[in-house]
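Asker: Have a look at this one.
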Amino acid sequence: MSREMTGAKMVVEALKEQGVDTIFGYPGGAVLPIYDEIFQQNDIRHILVRHEQAAVHMAEGYARSTGRPGVVLVTSGPGATNAVTGLTDALMDSIPIVVLSGQVATFMIGTDGFQEADTVGITRACTKHNYLLKEPDALAKTLHEAFHVATHGRPGPVLIDIPKDVQFASGTYTGRDEIAPRYQPKVKGDNAAIEALVGLMEKAERPIFYTGGGVINSGPRASQLLRELVEASGFPITSTLMGLGAYPASGKHWLGMLGMHGLYEANMAMHDCDLMICIGARFDDRITGRTDAFSPGSTKVHIDIDASSINKIIRVDLPIIGDVATVLEEALAIWTARGRKTARAELAGWWRQIAAWKRSDCLSYQGSDKVIKPQYALQRLEALTKGHDRYITTEVGQHQMWAAQFLGFEDPNRWMTSGGLGTMGYGFPASIGVQIAHPESLVINVAGEASWLMNMQELGTAMQFRTPVKQFILNNERLGMVRQWQELLHGERYSQSWSEALPDFVKLAEAFGAKGIQCSDPSKLDDAIMEMIEHDGPVVFDCLVEKHENCFPMIPSGKAHNEMLLAAEAAAFVEGGALV
């Protein structure tokens, strides 16, 4: 029932009605009325961050690991502008979050008042939708609509800019069930197109499923249907970085991740397939390589809820616009009704070819008993933690790619990483957001020392809220991916790709009251990892690794999927001048 209340109280009431249990934020003058209302209730927990960028990344981690929207509260001016990186990250990776920003009073907008910024203008390009509210009567309705927009269709970030006088003013609260959402994205795929997809599946000789984060965003049912379709068809499946876990890494049809640092067999299969079924992925440049040489002989199908992604980068032969779970359910039903036919003999030959590609052992590396190789560190982390109720976040760089290669994910929503924007500083706050959502789980952030330092201040948040997140830092004292590209692409001219002033990470952890561990000896690594796992509070693990290890396989710039560079070929490749 409608009732009178202040704008600030409307915010809290609407959040409660939306089922919000956690807000990540940082107070300031333009949001003090909302903070006052938060103080006077106990249903919603507020997590005080140390930087607004980190607040958004925490909300992303929360959203990605739960499937529910993350919520952020920041003040005007620098509070809102500090959130821009997180908003862009969430937009690129289709993460549902709602950001509430304070604004100067309506009569001051445009006067360059203290801590004023054109937040709606600044964030227009990095949100799915944004609002500037000037009437308290519209506040509750807009809040409910924002959650609907963030979570329906292709998910994404939505921002609501709320002037301070609107927070003080009284108006009529509108309940969630009293509004009819205007945004109604297409969910059901075209039946004729799905029938055509089934026809292609029945005749394909070299098929492949290419899946992305859209499968996970569609919900658990989508991942289950995908698994049923893969198992029943016998088709191989690969995934983007964002789609890991939708199909289990232990599944017999799994080829591993594809793309720039994907597995050899996945990329070769993508290049040579005759039917490529893209499900919830967007053909980004890290996947396609040279677009004019991408999967040149295949019939291409694209299933996506976002119509703007269809034919945006790669022209496809059969577009199907709709929710992944809805489309897969119908495809499975039609295919079953038609007898679940496939070209069995040809498919067996396709698997023999894939088996030959797998023999390249593309993730092999030269081990050492004197220094910890980063690949070995992640292999041991996988072996010692895979039996746990485990969630993994990452920063961005070589360690991120190694984590995707060497860690196995059996379920969706267990892998949180910055894919589209590649945001250094994402992983640590994201791990806190995950841990807040899953307090009894083991949450590990795989990091590089350079990325981790970008939001290291969130150790304060981790300690204050007793989140036992584990920071597994592969410390090579380099900007590893930058250094690798400088070696391979820029004649080994290492311009600004290292720091000469790194902290003692153990002492840094201890300064915040956390536990610090350092390990440089491969023979002691297992014990050190177990010490990290068993500690009941936050841990910063400084794992000193080989400084100049490169991440392979790798598709060099301007090359196609069948021109991958493996570790054994790298030296000759550079000496031959192919990359320089």
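Scheme for the structure tokens: letters A, B, ... for chains in order shown; per-chain residue numbers from 1; ligand numbers from 1 in order shown.
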Considering only C-alpha atoms, return as an MDAnalysis selection string whatever protein or nucleic-acid residues lie within 9 Å of A:Met257, sequence-local ones (same chain, fewer than 4 positions apart) excluded.
Answerer: chainID A and resid 238:241 243:244 261:263 266:267 404:405
Asker: Set the distance at 12 Å and use only C-alpha atoms: which residues neighbour A:Arg359 once local chain neighbours fewer than 5 positions away are removed? I'd like the list as a PDB file with N, CA, C and O atoms, in the first residue's frame.
Answerer:
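Just written: result-v7.pdb:
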ATOM      1  N   LEU A 263      43.618 -22.989 -25.065  1.00  0.00           N
ATOM      2  CA  LEU A 263      44.313 -24.229 -25.360  1.00  0.00           C
ATOM      3  C   LEU A 263      44.391 -24.480 -26.866  1.00  0.00           C
ATOM      4  O   LEU A 263      43.498 -24.089 -27.623  1.00  0.00           O
ATOM      5  N   TYR A 264      45.450 -25.151 -27.251  1.00  0.00           N
ATOM      6  CA  TYR A 264      45.720 -25.426 -28.655  1.00  0.00           C
ATOM      7  C   TYR A 264      44.556 -26.168 -29.302  1.00  0.00           C
ATOM      8  O   TYR A 264      44.069 -25.799 -30.371  1.00  0.00           O
ATOM      9  N   GLU A 265      44.057 -27.218 -28.620  1.00  0.00           N
ATOM     10  CA  GLU A 265      42.991 -28.025 -29.196  1.00  0.00           C
ATOM     11  C   GLU A 265      41.687 -27.237 -29.338  1.00  0.00           C
ATOM     12  O   GLU A 265      40.927 -27.435 -30.295  1.00  0.00           O
ATOM     13  N   ARG A 352      38.824 -37.862 -33.151  1.00  0.00           N
ATOM     14  CA  ARG A 352      40.196 -38.380 -33.355  1.00  0.00           C
ATOM     15  C   ARG A 352      41.143 -37.245 -33.710  1.00  0.00           C
ATOM     16  O   ARG A 352      42.300 -37.202 -33.253  1.00  0.00           O
ATOM     17  N   GLN A 353      40.661 -36.305 -34.496  1.00  0.00           N
ATOM     18  CA  GLN A 353      41.492 -35.147 -34.832  1.00  0.00           C
ATOM     19  C   GLN A 353      41.767 -34.298 -33.590  1.00  0.00           C
ATOM     20  O   GLN A 353      42.899 -33.842 -33.365  1.00  0.00           O
ATOM     21  N   ILE A 354      40.733 -34.096 -32.766  1.00  0.00           N
ATOM     22  CA  ILE A 354      40.913 -33.326 -31.528  1.00  0.00           C
ATOM     23  C   ILE A 354      41.912 -34.020 -30.608  1.00  0.00           C
ATOM     24  O   ILE A 354      42.761 -33.368 -29.976  1.00  0.00           O
ATOM     25  N   SER A 364      52.321 -27.602 -21.248  1.00  0.00           N
ATOM     26  CA  SER A 364      53.565 -28.104 -20.644  1.00  0.00           C
ATOM     27  C   SER A 364      54.547 -26.954 -20.428  1.00  0.00           C
ATOM     28  O   SER A 364      54.552 -25.961 -21.158  1.00  0.00           O
TER      29      SER A 364
END
Asker: Which residues of stretch 142-186 of chain A come within 12 Å of stretch 42-57 of chain A, and what is each one's closest atom pair and distance in Å (one decimal), counting only C-alpha atoms, sorted by chain and residue number, as CSV?
Answerer:
residue,atom,partner,partner_atom,distance
A:Pro157,CA,A:Val56,CA,9.7
A:Val158,CA,A:Val56,CA,11.6
A:Leu159,CA,A:Val56,CA,11.4
Asker: For a test of reading the model, state the distance in Å between atom CA of A:Val396 and atom CA of A:Gly460, rounded to one decimal.
Answerer: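 That distance, rounded to one decimal, is 21.8 Å.
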Asker: What is the atom CA of A:Ser308-atom CA of A:Leu91 distance in Å, reported with one decimal?
Answerer: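 Interatomic distance here is 14.0 Å.
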Asker: Can you work out the spacing between atom CA of A:Thr288 and atom CA of A:Gln400 in Å, to one decimal?
Answerer: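 Atom CA of A:Gln400 lies at a distance of 19.0 Å from atom CA of A:Thr288.
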Asker: Which residue, A:Gly213, A:Pro27, A:Gly77, A:Gly110, has the smallest gap to A:Gly419 when you use only C-alpha atoms?
Answerer: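 Residue with the minimum atom-to-atom distance to A:Gly419: A:Gly213.
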Asker: Near A:Asn311, within 10 Å and counting only C-alpha atoms, which residues show up once chain neighbours fewer than 5 positions away are dropped, as a compact mmCIF listing (two decimals) with all heavy atoms, in the first residue's frame?
Answerer:
# COMPACT_ATOMS: atom_id res chain seq x y z
N ARG A 282 30.21 -13.09 -27.17
CA ARG A 282 30.03 -11.91 -28.02
C ARG A 282 31.14 -11.72 -29.07
O ARG A 282 31.28 -10.65 -29.63
CB ARG A 282 29.90 -10.65 -27.16
CG ARG A 282 31.09 -10.36 -26.25
CD ARG A 282 30.82 -9.16 -25.35
NE ARG A 282 31.92 -8.89 -24.44
CZ ARG A 282 32.99 -8.16 -24.74
NH1 ARG A 282 33.11 -7.63 -25.95
NH2 ARG A 282 33.94 -7.96 -23.84
N PHE A 283 31.95 -12.76 -29.31
CA PHE A 283 32.99 -12.69 -30.34
C PHE A 283 33.96 -11.54 -30.10
O PHE A 283 34.30 -10.79 -31.02
CB PHE A 283 32.37 -12.55 -31.73
CG PHE A 283 31.54 -13.72 -32.17
CD1 PHE A 283 30.16 -13.69 -32.07
CD2 PHE A 283 32.13 -14.86 -32.69
CE1 PHE A 283 29.38 -14.77 -32.48
CE2 PHE A 283 31.36 -15.94 -33.10
CZ PHE A 283 29.98 -15.91 -33.00
N HIS A 302 24.44 -18.03 -33.60
CA HIS A 302 24.67 -17.18 -32.44
C HIS A 302 23.38 -17.06 -31.63
O HIS A 302 22.39 -16.51 -32.12
CB HIS A 302 25.15 -15.79 -32.86
CG HIS A 302 25.64 -14.94 -31.74
ND1 HIS A 302 26.09 -13.63 -31.92
CD2 HIS A 302 25.78 -15.17 -30.40
CE1 HIS A 302 26.46 -13.13 -30.76
NE2 HIS A 302 26.27 -14.05 -29.82
N VAL A 316 26.99 -13.91 -38.71
CA VAL A 316 26.58 -15.29 -38.49
C VAL A 316 25.51 -15.70 -39.50
O VAL A 316 24.84 -14.84 -40.09
CB VAL A 316 26.08 -15.52 -37.05
CG1 VAL A 316 27.19 -15.22 -36.05
CG2 VAL A 316 24.84 -14.69 -36.74
N ASP A 317 25.37 -17.01 -39.68
CA ASP A 317 24.40 -17.53 -40.64
C ASP A 317 23.02 -17.71 -40.03
O ASP A 317 22.00 -17.63 -40.73
CB ASP A 317 24.91 -18.87 -41.18
CG ASP A 317 26.27 -18.75 -41.83
OD1 ASP A 317 26.34 -18.23 -42.95
OD2 ASP A 317 27.27 -19.15 -41.19
N PRO A 319 21.05 -16.33 -36.61
CA PRO A 319 20.92 -15.66 -35.31
C PRO A 319 19.68 -16.13 -34.57
O PRO A 319 18.63 -16.34 -35.18
CB PRO A 319 20.80 -14.19 -35.71
CG PRO A 319 20.15 -14.22 -37.06
CD PRO A 319 20.59 -15.50 -37.73
Asker: From a DSSP calculation on the backbone, collect every residue of stretch 349-464 of chain A in helix (DSSP H, G or I) and output the set as number ranges by chain.
Answerer: A: 349-358, 374-385, 398-406, 427-437, 449-453, 456-464
Asker: Excluding same-chain residues fewer than 5 positions from stretch 378-395 of chain A, what lies within 9 Å of it counting only C-alpha atoms, as a ChimeraX atom specification?
Answerer: /A:61,65,373,400,402-403,406-409,413-418,422-428,430-431,434-435,440-448,451-452,525-526,529-530,533
